[in-house]
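Enquirer: Below you'll find entry11.txt; it's compact mmCIF, C-alpha atoms.
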# COMPACT_ATOMS: atom_id res chain seq x y z
CA MET H 16 96.54 112.60 74.62
CA GLU H 17 92.79 112.63 75.09
CA VAL H 18 91.81 113.89 78.51
CA SER H 19 88.91 111.94 80.04
CA SER H 20 85.98 113.76 81.62
CA SER H 21 86.76 112.21 85.02
CA PHE H 22 90.26 113.73 84.86
CA LYS H 23 88.75 117.20 84.33
CA THR H 24 86.28 116.59 87.15
CA TYR H 25 89.05 115.68 89.61
CA TRP H 26 90.86 118.96 88.96
CA GLN H 27 87.62 120.94 89.13
CA VAL H 28 87.02 119.38 92.57
CA TRP H 29 90.62 120.27 93.48
CA GLY H 30 89.87 123.91 92.53
CA ILE H 31 86.74 123.98 94.68
CA LEU H 32 88.64 122.43 97.62
CA LEU H 33 91.33 125.05 97.26
CA ILE H 34 88.82 127.91 97.17
CA LEU H 35 87.06 126.52 100.24
CA THR H 36 90.38 126.23 102.10
CA LEU H 37 91.34 129.83 101.26
CA PHE H 38 87.85 130.97 102.29
CA MET H 39 88.19 129.15 105.64
CA ILE H 40 91.59 130.73 106.37
CA PHE H 41 90.18 134.14 105.44
CA PHE H 42 86.98 133.73 107.46
CA GLU H 43 88.89 132.61 110.55
CA SER H 44 90.78 135.90 110.50
CA VAL H 45 87.59 137.98 110.19
CA ASP H 46 86.31 139.43 113.44
CA ALA H 47 82.95 137.61 113.38
CA PRO H 48 81.03 136.26 116.41
CA VAL H 49 82.46 132.94 117.64
CA GLY H 50 79.21 131.04 117.00
CA VAL H 51 79.01 132.26 113.40
CA THR H 52 82.68 131.45 112.80
CA ILE H 53 82.26 127.89 114.11
CA ILE H 54 79.11 127.25 112.05
CA VAL H 55 80.64 128.62 108.82
CA LEU H 56 83.90 126.67 109.30
CA VAL H 57 82.11 123.41 110.15
CA VAL H 58 79.81 123.74 107.11
CA ALA H 59 82.85 124.39 104.86
CA MET H 60 84.65 121.42 106.47
CA LEU H 61 81.70 119.08 105.81
CA LEU H 62 81.46 120.38 102.23
CA LYS H 63 85.15 119.55 101.69
CA ALA H 64 84.69 116.11 103.27
CA THR H 65 81.72 115.44 100.96
CA LEU H 66 83.74 116.43 97.89
CA ILE H 67 86.66 114.19 98.87
CA GLY H 68 84.44 111.24 99.82
CA GLY H 69 81.98 111.59 96.96
CA TRP H 70 84.27 112.51 94.07
CA PHE H 71 87.83 111.48 94.93
CA MET H 72 86.82 108.27 96.76
CA HIS H 73 83.95 107.66 94.30
CA LEU H 74 81.48 107.05 97.10
CA ARG H 75 78.69 108.65 95.05
CA LYS H 76 79.14 105.91 92.43
CA GLU H 77 79.06 103.03 94.93
CA SER H 78 75.85 101.21 95.82
CA ILE H 79 73.52 103.20 98.06
CA PHE H 80 73.55 100.25 100.51
CA LEU H 81 77.32 100.51 101.01
CA THR H 82 77.29 104.32 101.18
CA VAL H 83 74.52 104.43 103.79
CA ILE H 84 76.20 101.78 105.97
CA LEU H 85 79.62 103.48 105.88
CA VAL H 86 78.38 107.04 106.39
CA ALA H 87 75.69 106.17 108.94
CA ALA H 88 78.05 104.00 111.03
CA THR H 89 80.63 106.76 111.16
CA LEU H 90 78.20 109.59 111.87
CA LEU H 91 76.29 107.61 114.51
CA THR H 92 79.43 106.70 116.46
CA VAL H 93 80.78 110.24 116.25
CA ALA H 94 77.40 111.58 117.41
CA VAL H 95 77.39 109.21 120.42
CA LEU H 96 80.92 110.28 121.36
CA PHE H 97 80.06 113.96 120.88
CA PHE H 98 76.75 114.05 122.74
CA LEU H 99 78.03 111.92 125.63
CA LEU H 100 81.06 114.10 126.31
CA ILE H 101 80.68 117.63 124.98
CA PRO H 102 77.59 118.67 127.04
CA ASP H 103 79.53 117.81 130.23
CA ALA H 104 82.46 119.91 129.07
CA MET H 105 80.16 122.85 128.25
CA ALA H 106 78.50 122.55 131.65
CA GLY H 107 81.91 122.89 133.27
CA THR H 108 82.07 119.32 134.58
CA VAL H 109 85.68 118.23 134.80
CA LEU H 110 86.70 114.57 135.02
CA GLN H 111 88.41 113.79 138.33
CA MET L 27 73.93 61.50 98.03
CA ALA L 28 70.24 61.97 97.62
CA ASN L 29 69.77 61.65 101.39
CA GLN L 30 72.51 64.24 102.06
CA ALA L 31 70.80 66.72 99.76
CA ALA L 32 67.53 66.10 101.51
CA VAL L 33 68.90 66.97 105.00
CA ARG L 34 70.84 70.06 103.88
CA PRO L 35 69.47 73.11 105.76
CA GLU L 36 67.47 75.60 103.80
CA ILE L 37 69.57 78.57 102.66
CA SER L 38 67.89 81.83 103.62
CA TRP L 39 70.63 84.24 102.49
CA GLU L 40 69.45 86.22 99.46
CA GLY L 41 72.17 88.81 99.24
CA GLY L 42 73.95 87.10 96.37
CA THR L 43 77.74 86.80 96.21
CA SER L 44 78.38 90.54 96.46
CA PRO L 45 75.70 92.34 98.48
CA PHE L 46 77.64 95.62 98.54
CA GLN L 47 78.48 95.33 94.82
CA VAL L 48 82.19 95.86 95.43
CA SER L 49 85.15 93.49 95.61
CA TRP L 50 85.97 92.06 99.04
CA GLN L 51 89.32 93.89 99.00
CA LYS L 52 87.59 97.23 98.53
CA LEU L 53 84.95 96.40 101.14
CA MET L 54 87.61 95.50 103.71
CA MET L 55 89.50 98.71 102.90
CA TRP L 56 86.30 100.71 103.52
CA PHE L 57 85.71 98.93 106.85
CA PHE L 58 89.31 99.61 107.88
CA LEU L 59 88.96 103.30 106.92
CA VAL L 60 85.75 103.65 108.97
CA SER L 61 87.41 102.09 112.03
CA ASP L 62 90.46 104.31 111.55
CA ALA L 63 88.21 107.36 111.20
CA LEU L 64 86.69 106.53 114.57
CA LEU L 65 90.17 106.60 116.14
CA PHE L 66 90.62 110.18 114.94
CA ALA L 67 87.03 111.00 115.94
CA GLY L 68 87.92 109.88 119.47
CA PHE L 69 91.00 112.13 119.47
CA LEU L 70 89.10 115.17 118.21
CA VAL L 71 86.15 114.73 120.59
CA ALA L 72 88.60 114.32 123.51
CA TYR L 73 90.33 117.48 122.30
CA GLY L 74 86.97 119.28 122.19
CA TYR L 75 86.18 118.11 125.71
CA VAL L 76 89.46 119.31 127.19
CA ARG L 77 89.33 122.58 125.31
CA LEU L 78 85.78 123.38 126.42
CA SER L 79 86.65 122.40 130.00
CA SER L 80 89.66 124.70 130.11
CA ASP L 81 89.39 128.25 131.36
CA SER L 82 91.59 129.49 128.54
CA TRP L 83 93.14 128.17 125.36
CA PRO L 84 96.14 129.45 123.38
CA ASP L 85 95.41 131.51 120.26
CA GLN L 86 96.40 129.20 117.39
CA GLY L 87 97.22 132.20 115.21
CA GLU L 88 99.99 133.14 117.64
CA VAL L 89 101.34 129.61 118.15
CA PHE L 90 101.28 128.31 114.58
CA THR L 91 102.40 129.86 111.32
CA MET L 92 99.08 129.79 109.48
CA ALA L 93 100.77 130.39 106.11
CA LEU L 94 102.72 127.14 106.60
CA ILE L 95 99.58 125.24 107.62
CA GLY L 96 97.84 126.66 104.53
CA VAL L 97 100.66 125.45 102.26
CA MET L 98 100.60 122.01 103.97
CA THR L 99 96.86 121.80 103.27
CA PHE L 100 97.38 122.91 99.67
CA VAL L 101 100.03 120.20 99.16
CA LEU L 102 97.80 117.48 100.63
CA ILE L 103 94.75 118.53 98.58
CA THR L 104 96.89 118.62 95.43
CA SER L 105 98.29 115.17 96.20
CA SER L 106 94.73 113.91 96.55
CA ALA L 107 93.91 115.29 93.09
CA THR L 108 97.00 113.64 91.58
CA MET L 109 96.01 110.37 93.27
CA ALA L 110 92.50 110.61 91.81
CA SER L 111 94.12 111.25 88.41
CA ALA L 112 96.28 108.13 88.91
CA VAL L 113 93.17 106.05 89.62
CA GLY L 114 91.50 107.58 86.53
CA GLY L 115 94.57 106.73 84.41
CA ALA L 116 94.65 103.15 85.70
CA ARG L 117 90.94 102.75 84.96
CA ASP L 118 91.53 104.05 81.41
CA GLY L 119 94.26 101.41 81.03
CA ASP L 120 97.02 104.04 80.83
CA LEU L 121 99.41 102.59 83.41
CA ILE L 122 102.24 104.98 82.49
CA ARG L 123 100.04 107.99 83.29
CA ALA L 124 98.85 106.23 86.46
CA ARG L 125 102.44 105.61 87.60
CA LYS L 126 103.42 109.22 86.90
CA PHE L 127 100.58 110.52 89.05
CA VAL L 128 101.28 107.98 91.83
CA ILE L 129 104.90 109.23 91.99
CA MET L 130 103.67 112.85 92.07
CA THR L 131 101.35 111.92 94.95
CA ALA L 132 104.25 110.36 96.88
CA VAL L 133 106.32 113.51 96.34
CA GLY L 134 103.39 115.53 97.74
CA GLY L 135 103.36 113.27 100.80
CA VAL L 136 107.09 113.73 101.35
CA LEU L 137 106.70 117.52 101.06
CA PHE L 138 103.87 117.47 103.59
CA LEU L 139 105.91 115.40 106.06
CA GLY L 140 108.89 117.71 105.59
CA MET L 141 106.77 120.73 106.47
CA GLN L 142 105.27 118.90 109.44
CA ALA L 143 108.77 118.04 110.67
CA PHE L 144 109.67 121.74 110.40
CA GLU L 145 106.54 122.70 112.35
CA TRP L 146 107.30 120.14 115.08
CA THR L 147 110.93 121.24 115.31
CA THR L 148 109.90 124.88 115.64
CA LEU L 149 107.42 124.16 118.45
CA ILE L 150 109.84 121.86 120.29
CA SER L 151 112.56 124.54 120.08
CA GLU L 152 110.07 126.94 121.71
CA GLY L 153 109.73 124.54 124.66
CA ALA L 154 106.67 122.46 123.70
CA THR L 155 106.61 118.82 124.86
CA LEU L 156 103.90 116.25 125.56
CA THR L 157 103.70 117.39 129.19
CA GLN L 158 104.39 121.13 129.10
CA ASN L 159 104.50 124.16 126.84
CA PRO L 160 105.05 127.92 127.13
CA TRP L 161 101.41 128.76 126.34
CA GLY L 162 99.99 127.83 129.73
CA VAL L 163 97.57 124.98 128.93
CA LYS L 164 99.29 121.59 129.36
CA GLY L 165 96.87 119.65 127.17
CA PHE L 166 97.41 121.93 124.19
CA SER L 167 100.79 120.60 123.10
CA ALA L 168 99.88 117.01 124.10
CA PHE L 169 96.89 117.07 121.76
CA PHE L 170 98.94 118.76 119.05
CA PHE L 171 101.68 116.14 119.08
CA VAL L 172 99.34 113.15 119.41
CA ILE L 173 96.79 114.19 116.76
CA THR L 174 99.24 115.52 114.15
CA GLY L 175 101.67 112.70 115.02
CA PHE L 176 99.11 109.98 114.35
CA HIS L 177 98.14 111.71 111.12
CA GLY L 178 101.80 112.03 110.15
CA ILE L 179 102.30 108.28 110.72
CA HIS L 180 99.36 107.67 108.38
CA VAL L 181 101.00 109.92 105.76
CA LEU L 182 104.28 108.01 106.16
CA ILE L 183 102.53 104.65 105.72
CA GLY L 184 100.71 106.13 102.70
CA ILE L 185 104.04 107.13 101.11
CA VAL L 186 105.35 103.57 101.55
CA ILE L 187 102.17 102.17 99.95
CA LEU L 188 102.47 104.69 97.09
CA VAL L 189 106.09 103.74 96.41
CA ILE L 190 105.16 100.03 96.39
CA THR L 191 102.25 100.79 94.03
CA ALA L 192 104.53 102.79 91.69
CA VAL L 193 107.08 99.95 91.60
CA ARG L 194 104.38 97.34 90.97
CA LEU L 195 102.83 99.54 88.24
CA GLY L 196 106.24 99.75 86.56
CA ARG L 197 106.55 95.96 86.63
CA GLY L 198 102.97 95.46 85.46
CA GLN L 199 102.16 93.63 88.70
CA THR L 200 99.17 95.68 89.82
CA THR L 201 95.76 96.39 88.35
CA ALA L 202 93.42 99.38 88.31
CA ALA L 203 91.71 97.89 91.36
CA GLY L 204 95.04 97.89 93.23
CA VAL L 205 95.66 101.54 92.38
CA GLU L 206 92.13 102.35 93.52
CA LEU L 207 92.75 100.74 96.93
CA THR L 208 95.92 102.82 97.33
CA GLY L 209 93.86 105.86 96.31
CA LEU L 210 91.18 105.17 98.92
CA TYR L 211 93.81 105.13 101.68
CA TRP L 212 95.48 108.32 100.44
CA HIS L 213 92.19 110.22 100.11
CA PHE L 214 91.37 109.12 103.65
CA VAL L 215 94.60 110.74 104.87
CA ASP L 216 93.51 113.95 103.12
CA LEU L 217 89.98 113.64 104.54
CA ILE L 218 91.28 113.34 108.10
CA TRP L 219 93.47 116.41 107.58
CA VAL L 220 90.35 118.40 106.58
CA PHE L 221 88.94 117.73 110.05
CA ILE L 222 92.24 118.33 111.90
CA PHE L 223 92.86 121.54 109.95
CA THR L 224 89.43 122.91 110.85
CA CYS L 225 89.04 121.67 114.43
CA PHE L 226 92.60 122.11 115.66
CA TYR L 227 94.08 124.97 113.66
CA LEU L 228 91.11 127.19 112.75
CA ILE L 229 88.34 126.90 115.38
Re-express the file's structure as structure tokens.
Expert:
Amino acid sequence: MEVSSSFKTYWQVWGILLILTLFMIFFESVDAPVGVTIIVLVVAMLLKATLIGGWFMHLRKESIFLTVILVAATLLTVAVLFFLLIPDAMAGTVLQ
Amino acid sequence: MANQAAVRPEISWEGGTSPFQVSWQKLMMWFFLVSDALLFAGFLVAYGYVRLSSDSWPDQGEVFTMALIGVMTFVLITSSATMASAVGGARDGDLIRARKFVIMTAVGGVLFLGMQAFEWTTLISEGATLTQNPWGVKGFSAFFFVITGFHGIHVLIGIVILVITAVRLGRGQTTAAGVELTGLYWHFVDLIWVFIFTCFYLI
């Protein structure tokens, strides 16, 4: 059976996802400053999300118009939620 | 007839019949996935708010068995790769290979749910409920059950869709586009787990 190049790519992406997951579990157990840990884990998380969205969901092969609308809509709404709520939480404001 | 044509309003739409260059089924699936992603975004931001507002928070490493969570993540990532392989097979016209990988993906989903059931049972036996838990912060177990529960329901629905897809593939009733739609949903389930795994279990 001839193996297509896309088949190989999927399993290469799987390997990278696995390595990133193992790295994240390892890094979480390292005694690094909290800020550094959060930044490293979030970057690794976004990298994994990009690999899944771009390669497994084929978003990188869709039209740029569709990709921008989907990604921008999601990120914008998440950003609004985040920046409306999280600063209050960090300032110690508790909802009554 | 000539008069009717003369009064017809001028058409200004220039986007053609497919402005996003995808089928309407795929476009609707993408819109659904974005709206569903926002549901989980709401959960995770609410979780972040409560956690940052709390004076203390349980150490996840002491509450959860990280080895089990790691294996659950491995299973879900692997099932995503088998699903992508199923889509690739369907696109190549090899429906037998596609069906084989769809079944493997469903098995991965069942394994994941089994491990999640074990994790839930363990925590419940330790006294965790939606309203209280032995680790001191009430919201901790509530967020755990709600976030992982909603994700688990998505996995369960995904398994049902995968089984239907496998049956339809066997009967020759579905196309590569149908397998791709199933794939989009399953990859979304994996994508959401990436965020839950990082935000809830690791950070």
Enquirer: Could the residues of chain L that have an atom at most 9 Å from chain H be listed as CSV, each with its closest atom pair and the distance in Å to one decimal, counting all atoms listed in the file and ordered by chain and ascending residue number?
Expert:
residue,atom,partner,partner_atom,distance
L:Pro45,CA,H:Phe80,CA,8.4
L:Phe46,CA,H:Leu81,CA,5.5
L:Gln47,CA,H:Ser78,CA,6.5
L:Val48,CA,H:Glu77,CA,7.8
L:Leu53,CA,H:Leu81,CA,8.7
L:Trp56,CA,H:Leu85,CA,7.6
L:Phe57,CA,H:Leu85,CA,7.7
L:Val60,CA,H:Thr89,CA,6.4
L:Ser61,CA,H:Thr89,CA,8.3
L:Ala63,CA,H:Thr89,CA,7.6
L:Leu64,CA,H:Thr89,CA,7.0
L:Ala67,CA,H:Val93,CA,6.3
L:Gly68,CA,H:Leu96,CA,7.3
L:Val71,CA,H:Phe97,CA,6.1
L:Ala72,CA,H:Leu100,CA,8.0
L:Gly74,CA,H:Ile101,CA,7.1
L:Tyr75,CA,H:Ala104,CA,5.3
L:Val76,CA,H:Ala104,CA,7.3
L:Arg77,CA,H:Ala104,CA,8.3
L:Leu78,CA,H:Ala104,CA,5.5
L:Ser79,CA,H:Ala104,CA,5.0
L:Ser80,CA,H:Gly107,CA,8.6
L:Gly87,CA,H:Ser44,CA,8.8
L:Met92,CA,H:Ile40,CA,8.2
L:Gly96,CA,H:Ile40,CA,7.7
L:Thr99,CA,H:Thr36,CA,7.9
L:Phe100,CA,H:Leu33,CA,6.9
L:Ile103,CA,H:Trp29,CA,6.8
L:Thr104,CA,H:Trp29,CA,6.8
L:Ser106,CA,H:Phe71,CA,7.5
L:Ala107,CA,H:Trp29,CA,6.0
L:Thr108,CA,H:Tyr25,CA,8.4
L:Met109,CA,H:Phe71,CA,8.4
L:Ala110,CA,H:Phe71,CA,5.7
L:Ser111,CA,H:Phe22,CA,5.8
L:Gly114,CA,H:Phe22,CA,6.5
L:Gly115,CA,H:Phe22,CA,8.2
L:Asp118,CA,H:Ser19,CA,8.4
L:Glu206,CA,H:Met72,CA,8.6
L:Gly209,CA,H:Met72,CA,7.5
L:Leu210,CA,H:Met72,CA,5.8
L:His213,CA,H:Met72,CA,6.6
L:Phe214,CA,H:Gly68,CA,8.2
L:Asp216,CA,H:Ile67,CA,8.1
L:Leu217,CA,H:Ala64,CA,6.0
L:Ile218,CA,H:Ala64,CA,8.6
L:Val220,CA,H:Met60,CA,6.5
L:Phe221,CA,H:Met60,CA,6.7
L:Phe223,CA,H:Met60,CA,8.9
L:Thr224,CA,H:Met60,CA,6.7
L:Cys225,CA,H:Val57,CA,8.3
L:Leu228,CA,H:Glu43,CA,6.3
L:Ile229,CA,H:Ile53,CA,6.3
Enquirer: What separation in Å, quoted to one decimal, exists between atom CA of L:Ala203 and atom CA of L:Gly184?
Expert: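 Here the two named atoms are 16.7 Å from each other.
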Enquirer: Using only the atoms of stretch 85-99 of chain L listed in the file, plus 6 Å on each side, state the axis-aligned box centre and edge lengths in Å rounded to one decimal, as JSON.
Expert:
{"center_x": 99.1, "center_y": 127.5, "center_z": 111.3, "size_x": 19.3, "size_y": 23.3, "size_z": 30.0}
Enquirer: How far is it from atom CA of L:Trp219 to atom CA of L:Val163, in Å with one decimal?
Expert: 23.4 Å
Enquirer: Between atom CA of L:Met98 and atom CA of L:Phe138, what is the distance in Å, rounded to a tenth?
Expert: 5.6 Å
Enquirer: When distances are computed from all atoms listed in the file, which of L:Thr208, L:Val133, L:Gln86, L:Gln51 shows the smallest separation from L:Arg194?
Expert: L:Thr208
